>>> print(open('target-v3.cif').read())   # mmCIF, C-alpha atoms
data_data
#
loop_
_atom_site.label_atom_id
_atom_site.label_comp_id
_atom_site.auth_asym_id
_atom_site.auth_seq_id
_atom_site.Cartn_x
_atom_site.Cartn_y
_atom_site.Cartn_z
CA MET A 1 -172.26 140.66 271.04
CA THR A 2 -170.67 138.07 268.76
CA ARG A 3 -169.41 139.46 265.47
CA ARG A 4 -171.19 138.00 262.45
CA GLU A 5 -168.64 136.41 260.15
CA ALA A 6 -168.62 137.16 256.43
CA LEU A 7 -170.18 134.77 253.93
CA ALA A 8 -166.76 133.94 252.48
CA THR A 9 -165.66 132.82 255.95
CA ARG A 10 -168.79 130.79 256.64
CA ALA A 11 -168.58 129.14 253.20
CA VAL A 12 -165.28 127.64 254.37
CA HIS A 13 -166.35 126.72 257.91
CA ALA A 14 -170.11 126.02 257.82
CA GLY A 15 -170.82 122.35 258.39
CA ARG A 16 -167.28 121.89 259.69
CA ASP A 17 -167.28 123.83 262.98
CA ASP A 18 -166.87 120.67 265.08
CA LEU A 19 -163.95 119.17 263.16
CA THR A 20 -161.16 120.56 265.37
CA ASP A 21 -162.79 119.13 268.49
CA LEU A 22 -163.04 115.80 266.68
CA GLY A 23 -159.34 115.94 265.79
CA LEU A 24 -160.14 116.10 262.08
CA HIS A 25 -159.30 118.47 259.26
CA ALA A 26 -161.31 117.03 256.35
CA PRO A 27 -164.97 116.15 256.97
CA PRO A 28 -165.56 112.40 257.36
CA LEU A 29 -167.09 110.55 254.41
CA ASP A 30 -169.64 108.03 255.71
CA LEU A 31 -170.57 105.56 252.97
CA SER A 32 -172.69 103.28 255.17
CA THR A 33 -176.01 102.14 253.79
CA THR A 34 -177.10 100.70 257.12
CA TYR A 35 -176.23 101.33 260.78
CA PRO A 36 -175.99 98.28 263.10
CA SER A 37 -177.60 98.28 266.52
CA ARG A 38 -177.85 95.56 269.19
CA ASP A 39 -180.91 97.27 270.64
CA SER A 40 -183.67 96.60 268.11
CA LEU A 41 -186.34 98.20 270.33
CA GLU A 42 -184.38 101.46 270.41
CA GLU A 43 -183.83 101.13 266.67
CA ALA A 44 -187.58 100.82 266.15
CA ARG A 45 -188.17 103.94 268.25
CA ARG A 46 -185.61 105.89 266.23
CA LEU A 47 -187.12 104.72 262.96
CA ASP A 48 -190.54 105.94 264.06
CA VAL A 49 -189.05 109.39 264.71
CA LEU A 50 -187.10 109.44 261.45
CA ALA A 51 -190.23 108.53 259.51
CA THR A 52 -191.84 111.79 260.72
CA GLY A 53 -189.06 113.82 259.15
CA GLU A 54 -187.36 114.72 262.41
CA MET A 55 -183.64 114.07 262.74
CA PRO A 56 -182.85 112.87 266.30
CA PRO A 57 -179.23 112.86 267.49
CA GLY A 58 -177.21 109.77 266.74
CA PRO A 59 -176.77 107.65 263.62
CA PRO A 60 -179.65 106.96 261.26
CA VAL A 61 -181.06 103.46 261.00
CA TYR A 62 -180.74 103.22 257.24
CA GLY A 63 -179.10 105.36 254.55
CA ARG A 64 -182.44 106.35 253.06
CA ALA A 65 -183.36 108.00 256.35
CA GLY A 66 -180.25 110.17 256.54
CA ASN A 67 -176.48 110.29 256.29
CA PRO A 68 -173.98 112.21 258.47
CA THR A 69 -171.93 113.48 255.51
CA VAL A 70 -175.00 114.71 253.66
CA ALA A 71 -176.22 116.33 256.90
CA ARG A 72 -173.04 118.44 257.02
CA PHE A 73 -173.75 119.78 253.55
CA GLU A 74 -177.37 120.51 254.51
CA THR A 75 -176.27 122.37 257.64
CA ALA A 76 -173.81 124.46 255.65
CA LEU A 77 -176.19 125.35 252.83
CA ALA A 78 -178.98 126.28 255.26
CA GLU A 79 -176.61 128.65 257.04
CA LEU A 80 -175.43 130.28 253.82
CA GLU A 81 -179.03 130.82 252.68
CA GLY A 82 -180.09 132.11 256.11
CA CYS A 83 -182.65 129.34 256.71
CA GLU A 84 -183.34 127.00 259.63
CA ALA A 85 -182.78 123.81 257.66
CA ALA A 86 -182.01 122.31 254.28
CA VAL A 87 -182.92 118.97 252.72
CA ALA A 88 -180.71 117.46 250.01
CA PHE A 89 -181.91 115.29 247.13
CA ALA A 90 -180.45 113.24 244.30
CA SER A 91 -180.92 116.09 241.78
CA GLY A 92 -182.43 119.50 241.40
CA MET A 93 -185.52 118.01 239.76
CA ALA A 94 -185.91 115.55 242.64
CA ALA A 95 -185.85 118.55 245.00
CA LEU A 96 -188.52 120.38 243.00
CA THR A 97 -190.60 117.21 242.77
CA ALA A 98 -190.59 116.91 246.58
CA CYS A 99 -191.78 120.51 246.94
CA LEU A 100 -194.65 119.91 244.52
CA LEU A 101 -195.61 116.62 246.16
CA ALA A 102 -195.67 118.37 249.54
CA ALA A 103 -198.23 120.81 248.17
CA VAL A 104 -200.32 117.98 246.71
CA ALA A 105 -200.17 116.04 250.00
CA ALA A 106 -201.38 119.13 251.85
CA GLY A 107 -204.45 119.31 249.58
CA ARG A 108 -203.19 122.40 247.77
CA PRO A 109 -202.14 121.15 244.32
CA HIS A 110 -202.49 124.49 242.52
CA VAL A 111 -199.22 126.21 241.64
CA VAL A 112 -198.69 129.72 240.34
CA ALA A 113 -195.45 129.98 238.37
CA VAL A 114 -193.52 132.79 236.74
CA ARG A 115 -191.87 132.10 233.39
CA PRO A 116 -189.21 131.56 232.20
CA LEU A 117 -188.09 128.51 234.17
CA TYR A 118 -185.64 125.72 233.50
CA GLY A 119 -187.16 123.65 230.70
CA THR A 120 -187.78 120.47 232.69
CA SER A 121 -189.29 122.46 235.57
CA ASP A 122 -191.64 124.09 233.06
CA HIS A 123 -192.53 120.70 231.59
CA LEU A 124 -193.15 119.10 234.99
CA LEU A 125 -195.67 121.82 235.84
CA SER A 126 -197.31 121.95 232.41
CA SER A 127 -197.71 118.18 232.21
CA GLY A 128 -199.45 117.80 235.58
CA LEU A 129 -197.57 114.52 236.06
CA LEU A 130 -197.52 114.97 239.85
CA GLY A 131 -201.19 115.90 240.17
CA THR A 132 -200.53 119.63 240.20
CA GLU A 133 -202.32 122.32 238.22
CA VAL A 134 -200.37 125.38 237.10
CA THR A 135 -201.35 128.96 236.38
CA TRP A 136 -198.67 131.01 234.63
CA ALA A 137 -198.54 134.62 235.81
CA GLU A 138 -196.30 137.63 235.32
CA PRO A 139 -194.80 139.46 238.32
CA GLY A 140 -197.34 141.99 239.50
CA LYS A 141 -200.19 139.72 238.42
CA VAL A 142 -199.60 136.82 240.77
CA ALA A 143 -202.07 137.83 243.48
CA PRO A 144 -205.19 137.55 241.24
CA SER A 145 -204.08 134.03 240.27
CA LEU A 146 -204.02 132.74 243.86
CA ARG A 147 -206.74 130.34 244.95
CA ALA A 148 -207.76 128.59 248.13
CA ASP A 149 -205.92 125.47 246.91
CA THR A 150 -202.71 127.25 245.83
CA GLY A 151 -199.84 125.40 247.48
CA LEU A 152 -196.92 127.53 246.32
CA VAL A 153 -195.67 130.18 243.94
CA LEU A 154 -192.57 129.29 241.92
CA VAL A 155 -190.04 131.71 240.45
CA GLU A 156 -186.52 131.43 239.09
CA THR A 157 -184.46 134.62 239.29
CA PRO A 158 -182.26 135.23 237.41
CA ALA A 159 -184.21 133.00 235.06
CA ASN A 160 -182.90 130.23 232.84
CA PRO A 161 -181.87 131.05 230.14
CA THR A 162 -182.85 134.71 229.60
CA LEU A 163 -181.47 136.00 232.93
CA THR A 164 -184.77 137.77 233.62
CA GLU A 165 -184.79 139.16 237.16
CA VAL A 166 -187.75 139.49 239.49
CA ASP A 167 -188.09 141.70 242.56
CA LEU A 168 -188.39 138.96 245.17
CA ARG A 169 -189.68 141.21 247.95
CA ALA A 170 -192.49 142.54 245.78
CA LEU A 171 -193.35 139.02 244.62
CA ALA A 172 -193.34 137.66 248.18
CA ASP A 173 -195.74 140.45 249.19
CA GLU A 174 -198.03 139.40 246.34
CA CYS A 175 -198.02 135.82 247.61
CA GLY A 176 -199.42 136.70 251.03
CA ASP A 177 -199.69 133.47 253.04
CA VAL A 178 -198.83 131.25 250.06
CA PRO A 179 -195.19 130.16 250.27
CA LEU A 180 -192.84 131.50 247.62
CA LEU A 181 -190.35 128.96 246.27
CA ALA A 182 -187.36 130.71 244.65
CA ASP A 183 -184.93 128.81 242.44
CA ASN A 184 -181.57 130.38 243.33
CA THR A 185 -179.39 128.16 241.14
CA PHE A 186 -177.99 130.95 238.95
CA ALA A 187 -177.29 133.47 241.73
CA THR A 188 -176.29 131.17 244.62
CA PRO A 189 -176.24 132.57 248.18
CA VAL A 190 -173.12 134.49 247.20
CA LEU A 191 -175.10 136.98 245.10
CA GLN A 192 -178.62 136.64 246.49
CA ARG A 193 -180.34 135.15 249.52
CA PRO A 194 -184.05 134.89 248.68
CA ALA A 195 -185.10 134.09 252.24
CA GLU A 196 -184.00 137.59 253.23
CA HIS A 197 -186.58 138.94 250.78
CA GLY A 198 -189.59 136.86 251.72
CA ALA A 199 -189.11 133.50 250.00
CA ARG A 200 -190.17 130.61 252.25
CA MET A 201 -188.21 127.97 250.29
CA VAL A 202 -184.98 128.28 248.29
CA LEU A 203 -184.20 125.68 245.64
CA HIS A 204 -180.84 124.80 244.07
CA SER A 205 -179.73 122.44 241.40
CA ALA A 206 -176.60 121.73 243.43
CA THR A 207 -175.16 120.10 240.31
CA LYS A 208 -174.31 123.59 239.09
CA PHE A 209 -172.38 126.23 241.05
CA LEU A 210 -172.61 124.59 244.48
CA GLY A 211 -170.68 121.56 243.21
CA GLY A 212 -168.77 123.71 240.78
CA HIS A 213 -166.66 121.11 238.99
CA GLY A 214 -169.07 119.23 236.74
CA ASP A 215 -168.66 115.97 238.65
CA VAL A 216 -171.63 115.71 241.01
CA LEU A 217 -175.44 115.59 240.73
CA GLY A 218 -177.58 116.95 243.54
CA GLY A 219 -180.44 119.20 244.60
CA VAL A 220 -181.29 120.97 247.83
CA VAL A 221 -184.11 123.00 249.36
CA ALA A 222 -183.46 125.48 252.20
CA CYS A 223 -186.49 126.35 254.32
CA ASP A 224 -187.84 126.36 257.88
CA GLU A 225 -187.71 123.21 260.00
CA SER A 226 -191.43 122.50 259.66
CA ARG A 227 -191.26 122.33 255.86
CA ALA A 228 -187.97 120.44 256.09
CA ARG A 229 -189.68 117.67 258.07
CA THR A 230 -192.25 117.20 255.31
CA LEU A 231 -189.54 117.14 252.65
CA ARG A 232 -187.56 114.56 254.63
CA GLN A 233 -190.67 112.39 254.90
CA LEU A 234 -191.07 112.52 251.13
CA ARG A 235 -187.38 111.79 250.58
CA PHE A 236 -187.61 108.80 252.93
CA VAL A 237 -190.58 107.21 251.14
CA THR A 238 -189.55 108.09 247.57
CA GLY A 239 -185.87 107.26 247.99
CA ALA A 240 -184.65 110.42 246.22
CA VAL A 241 -181.60 110.58 248.48
CA LEU A 242 -178.30 112.32 247.81
CA HIS A 243 -175.37 109.90 247.72
CA PRO A 244 -172.85 110.47 250.57
CA LEU A 245 -169.98 111.02 248.13
CA ALA A 246 -172.07 113.69 246.41
CA GLY A 247 -172.71 115.29 249.79
CA TYR A 248 -168.96 115.29 250.47
CA LEU A 249 -168.18 116.90 247.11
CA LEU A 250 -170.91 119.51 247.53
CA LEU A 251 -169.66 120.48 250.99
CA ARG A 252 -166.17 120.80 249.52
CA GLY A 253 -167.57 122.91 246.68
CA LEU A 254 -169.11 125.41 249.10
CA ALA A 255 -165.67 126.36 250.44
CA THR A 256 -164.66 127.93 247.12
CA LEU A 257 -168.15 129.04 246.04
CA PRO A 258 -167.69 132.79 246.72
CA LEU A 259 -164.37 132.90 244.89
CA ARG A 260 -165.67 130.96 241.89
CA VAL A 261 -168.97 132.82 241.55
CA ARG A 262 -167.44 136.28 241.82
CA ALA A 263 -164.63 135.49 239.39
CA ALA A 264 -167.05 133.94 236.87
CA SER A 265 -169.43 136.89 237.27
CA ALA A 266 -166.67 139.35 236.39
CA THR A 267 -165.84 137.30 233.30
CA ALA A 268 -169.49 137.04 232.26
CA GLY A 269 -169.93 140.79 232.59
CA GLU A 270 -166.91 141.46 230.38
CA LEU A 271 -168.00 138.92 227.78
CA ALA A 272 -171.52 140.38 227.77
CA ALA A 273 -170.13 143.85 227.04
CA ARG A 274 -167.94 142.57 224.21
CA LEU A 275 -170.75 140.50 222.72
CA ALA A 276 -173.08 143.52 222.82
CA ALA A 277 -170.60 145.37 220.59
CA HIS A 278 -170.05 142.51 218.14
CA PRO A 279 -171.66 142.93 214.69
CA ARG A 280 -172.73 139.26 214.56
CA VAL A 281 -174.61 139.44 217.88
CA THR A 282 -178.16 140.78 217.71
CA ARG A 283 -179.07 140.65 221.41
CA VAL A 284 -177.38 140.00 224.75
CA PHE A 285 -179.14 138.78 227.90
CA HIS A 286 -177.27 139.72 231.08
CA PRO A 287 -178.22 141.99 233.98
CA THR A 288 -175.31 144.33 233.27
CA VAL A 289 -176.44 145.25 229.75
CA ARG A 290 -180.10 146.12 230.34
CA PRO A 291 -182.25 148.09 232.81
CA ARG A 292 -182.95 146.11 235.95
CA PRO A 293 -185.94 146.05 238.30
CA ALA A 294 -185.49 146.55 242.00
CA GLY A 295 -183.74 143.40 243.13
CA GLN A 296 -181.17 141.76 245.31
CA MET A 297 -178.35 140.68 242.99
CA GLU A 298 -175.09 142.37 243.96
CA THR A 299 -173.56 141.77 240.52
CA GLY A 300 -174.58 140.63 237.07
CA GLY A 301 -173.98 136.96 237.72
CA PRO A 302 -171.90 134.27 236.01
CA VAL A 303 -174.34 133.24 233.24
CA LEU A 304 -175.27 135.11 230.06
CA ALA A 305 -177.15 134.44 226.85
CA PHE A 306 -177.01 135.96 223.40
CA GLU A 307 -178.57 135.71 219.97
CA THR A 308 -176.47 135.54 216.82
CA ASP A 309 -177.39 136.38 213.24
CA GLY A 310 -175.44 133.31 212.12
CA ASP A 311 -176.12 129.62 212.64
CA PRO A 312 -176.03 128.93 216.42
CA HIS A 313 -175.29 125.25 215.79
CA ALA A 314 -172.30 126.19 213.65
CA LEU A 315 -171.03 128.41 216.44
CA ILE A 316 -171.25 125.58 218.96
CA ALA A 317 -169.40 123.29 216.56
CA ALA A 318 -166.67 125.92 216.12
CA VAL A 319 -165.63 126.58 219.73
CA ARG A 320 -162.34 125.02 220.77
CA LEU A 321 -161.59 126.31 224.28
CA ILE A 322 -165.16 126.69 225.48
CA THR A 323 -166.90 123.37 226.25
CA PRO A 324 -169.99 122.71 224.09
CA ALA A 325 -172.13 121.01 226.73
CA VAL A 326 -175.35 121.37 228.68
CA SER A 327 -175.33 122.37 232.38
CA LEU A 328 -173.55 125.31 233.99
CA GLY A 329 -171.52 126.38 237.00
CA SER A 330 -168.35 124.44 236.24
CA THR A 331 -164.75 125.67 236.35
CA ASP A 332 -164.69 125.54 232.55
CA THR A 333 -166.89 127.76 230.40
CA LEU A 334 -169.90 125.95 228.90
CA ILE A 335 -172.06 126.90 225.94
CA GLN A 336 -175.29 125.27 224.76
CA HIS A 337 -178.37 125.85 222.62
CA PRO A 338 -181.42 125.97 224.95
CA ALA A 339 -183.99 125.24 222.26
CA SER A 340 -182.16 122.00 221.47
CA ILE A 341 -181.18 120.83 224.96
CA SER A 342 -182.08 122.48 228.29
CA HIS A 343 -185.50 123.70 227.08
CA ARG A 344 -186.12 121.16 224.32
CA ILE A 345 -188.85 119.43 226.32
CA MET A 346 -191.01 122.58 226.33
CA ASP A 347 -193.72 123.21 223.76
CA PRO A 348 -192.08 125.28 220.97
CA GLU A 349 -194.75 127.98 221.26
CA ASP A 350 -194.11 128.29 225.00
CA ARG A 351 -190.36 128.56 224.36
CA THR A 352 -190.88 131.38 221.90
CA ALA A 353 -193.37 133.16 224.17
CA THR A 354 -190.83 133.20 227.01
CA GLY A 355 -188.07 134.71 224.88
CA ILE A 356 -186.19 131.52 224.01
CA SER A 357 -185.59 131.86 220.28
CA ASP A 358 -183.94 129.32 217.99
CA ARG A 359 -180.90 131.63 217.73
CA LEU A 360 -180.37 131.94 221.49
CA LEU A 361 -177.22 130.52 223.06
CA ARG A 362 -176.51 130.25 226.79
CA LEU A 363 -172.99 130.61 228.17
CA SER A 364 -171.87 129.81 231.72
CA ALA A 365 -168.59 131.58 232.43
CA GLY A 366 -165.82 129.51 233.98
CA LEU A 367 -162.47 130.43 235.46
CA GLU A 368 -160.39 130.79 232.28
CA ASP A 369 -158.72 134.05 231.23
CA VAL A 370 -161.35 136.33 229.71
CA ASP A 371 -159.20 137.25 226.70
CA ASP A 372 -158.70 133.59 225.82
CA LEU A 373 -162.45 133.02 226.04
CA TRP A 374 -163.14 136.06 223.88
CA ALA A 375 -160.67 134.89 221.25
CA ASP A 376 -162.51 131.58 221.05
CA LEU A 377 -165.95 133.23 220.92
CA SER A 378 -164.82 135.67 218.24
CA GLN A 379 -163.51 133.01 215.90
CA ALA A 380 -166.61 130.89 216.49
CA LEU A 381 -168.88 133.84 215.64
CA ASP A 382 -166.94 134.39 212.43
CA ALA A 383 -167.13 130.68 211.59
CA ALA A 384 -170.89 130.65 212.16
CA ALA A 385 -171.30 133.63 209.85
CA ARG A 386 -169.39 131.88 207.08
#
>>> encode(input="target-v3.cif", output="structure tokens")
Amino acid sequence: MTRREALATRAVHAGRDDLTDLGLHAPPLDLSTTYPSRDSLEEARRLDVLATGEMPPGPPVYGRAGNPTVARFETALAELEGCEAAVAFASGMAALTACLLAAVAAGRPHVVAVRPLYGTSDHLLSSGLLGTEVTWAEPGKVAPSLRADTGLVLVETPANPTLTEVDLRALADECGDVPLLADNTFATPVLQRPAEHGARMVLHSATKFLGGHGDVLGGVVACDESRARTLRQLRFVTGAVLHPLAGYLLLRGLATLPLRVRAASATAGELAARLAAHPRVTRVFHPTVRPRPAGQMETGGPVLAFETDGDPHALIAAVRLITPAVSLGSTDTLIQHPASISHRIMDPEDRTATGISDRLLRLSAGLEDVDDLWADLSQALDAAAR
């Protein structure tokens, strides 16, 4: 029996297992937009296959149909999430859009979603821009919301930005035959693998921790091969492709993902504890500082949120080491005001109802020394109070 290698090992080698036999150390970066062929009849046959979402051996016909560098990233991410396949897109929202369009195309446009979600995800569902209809439901109340035309159930756990956790196994059981789509951006496969707990599709904004350096946009969905074929069809006709350089950077990011996520999680846990004891902080959102439901996270995670009794905008203006910017998952620590940026697009009443107050700040821990970060947070809290 072959020994199963640890996730830290596979993060380094997944998508690269053939490199030694190819005489290579770094994965090749293929920037081709088109792939020449002297046999146009064979090219036509291959294009017919690619248009179905299948990926036959050999080069693609055109960059919109596939790219070898991107395929390496997809192979690696699918393995880390424990799924048959993965399909990469130009952004996390492009990936979610493809999942919703797949449900619409199948004649099942109804979506049941659990709040809170990333603000733009919430808006996309609430607006019905893609022809979907959404029913918002709490965990434990999803089953009564299911209909004959329900195409998927969507959850984000831990949720953005309140770090709310959901028991994925219990939720998957509620879904029955309806596929559960779990946004795993905050946890990554290092801390949680939703497919092991019943999720049929696993979504990432790869821009965040998978890339890890704030220099690449991307999205990816891990799932079974049948769903992957549909997603590839949609990617082919909509053109929401991941650029090859982005695929290269994301594959490189996976190699250090376990180290970065675990180090940032330790820092976030320490900062959450210190913030909880600070007189200017009224509430802290992090799995380590509150009771948790049954779940799969092996640690508190690298993102936290907190409410201050001072002016949150003044605090953001006062940080000097921490980067005041939207997004998360970078090597540097980022802080932002969700009501102004990441969740601004939501209806204000919906923001408030999901626990996103005007005094809430979200912090994504980076790789700096925790005492240096705390010194910066402390002076910024004092400045905001003044």
>>> atom_distance(input="target-v3.cif", atom1="CA of Ala273 in chain A", atom2="CA of Gly366 in chain A")
16.5 Å
>>> resolve_selection(input="target-v3.cif", expression="the PyMOL selection byres ((chain A and resi 205-207) around 8)", output="PyMOL selection string")
chain A and resi 91-93+185+203-204+208-212+214-220+250+329
>>> closest_residue(input="target-v3.cif", among="A:Leu234, A:Ala325, A:Ala268, A:Ala11", to="Gly253 in chain A", atoms="only C-alpha atoms")
A:Ala11
>>> residues_near_point(input="target-v3.cif", point="(-181.2, 137.4, 232.9)", cutoff="10 Å", atoms="all atoms listed in the file", output="list in words")
Pro116, Thr157, Pro158, Ala159, Asn160, Pro161, Thr162, Leu163, Thr164, Glu165, Val166, Phe186, Val284, Phe285, His286, Pro287, Thr288, Val289, Arg290, Arg292, Gly300, Gly301, Val303, Leu304 and Ala305 of chain A
>>> resolve_selection(input="target-v3.cif", expression="the PyMOL selection byres ((chain A and resi 138) around 12)", output="PyMOL selection string")
chain A and resi 112-116+135-137+139-145+153-155+164-167+171+174+354
>>> closest_residue(input="target-v3.cif", among="A:Leu257, A:Ala88, A:Ile341, A:Ala102", to="Pro244 in chain A", atoms="all atoms listed in the file")
A:Ala88
>>> resolve_selection(input="target-v3.cif", expression="the PyMOL selection byres ((chain A and resi 200) around 7)", output="list of chain:residue names")
A:Pro179, A:Leu180, A:Leu181, A:Ala195, A:Gly198, A:Ala199, A:Met201, A:Val202, A:Cys223
>>> closest_residue(input="target-v3.cif", among="A:Leu117, A:Val319, A:Leu245, A:Val87", to="Leu31 in chain A", atoms="all atoms listed in the file")
A:Leu245
>>> closest_residue(input="target-v3.cif", among="A:Pro28, A:Pro109, A:Gly247, A:Pro324", to="Val70 in chain A", atoms="all atoms listed in the file")
A:Gly247
>>> closest_residue(input="target-v3.cif", among="A:Asp122, A:Asp332, A:Asp173, A:Asp17", to="Thr267 in chain A", atoms="all atoms listed in the file")
A:Asp332
>>> residues_around(input="target-v3.cif", residues="Ala85 in chain A", least_positions_apart="6", cutoff="9 Å", atoms="only C-alpha atoms", output="JSON, numbers by chain")
{"A": [74, 75, 77, 78, 79, 221, 222, 223, 224, 225, 226, 227, 228]}
>>> write_last_selection(input="target-v3.cif", atoms="C-alpha atoms", output="tab-separated table (two decimals), in the frame of the given file")
chain	number	residue	atom	x	y	z
A	74	GLU	CA	-177.37	120.51	254.51
A	75	THR	CA	-176.27	122.37	257.64
A	77	LEU	CA	-176.19	125.35	252.83
A	78	ALA	CA	-178.98	126.28	255.26
A	79	GLU	CA	-176.61	128.65	257.04
A	221	VAL	CA	-184.11	123.00	249.36
A	222	ALA	CA	-183.46	125.48	252.20
A	223	CYS	CA	-186.49	126.35	254.32
A	224	ASP	CA	-187.84	126.36	257.88
A	225	GLU	CA	-187.71	123.21	260.00
A	226	SER	CA	-191.43	122.50	259.66
A	227	ARG	CA	-191.26	122.33	255.86
A	228	ALA	CA	-187.97	120.44	256.09
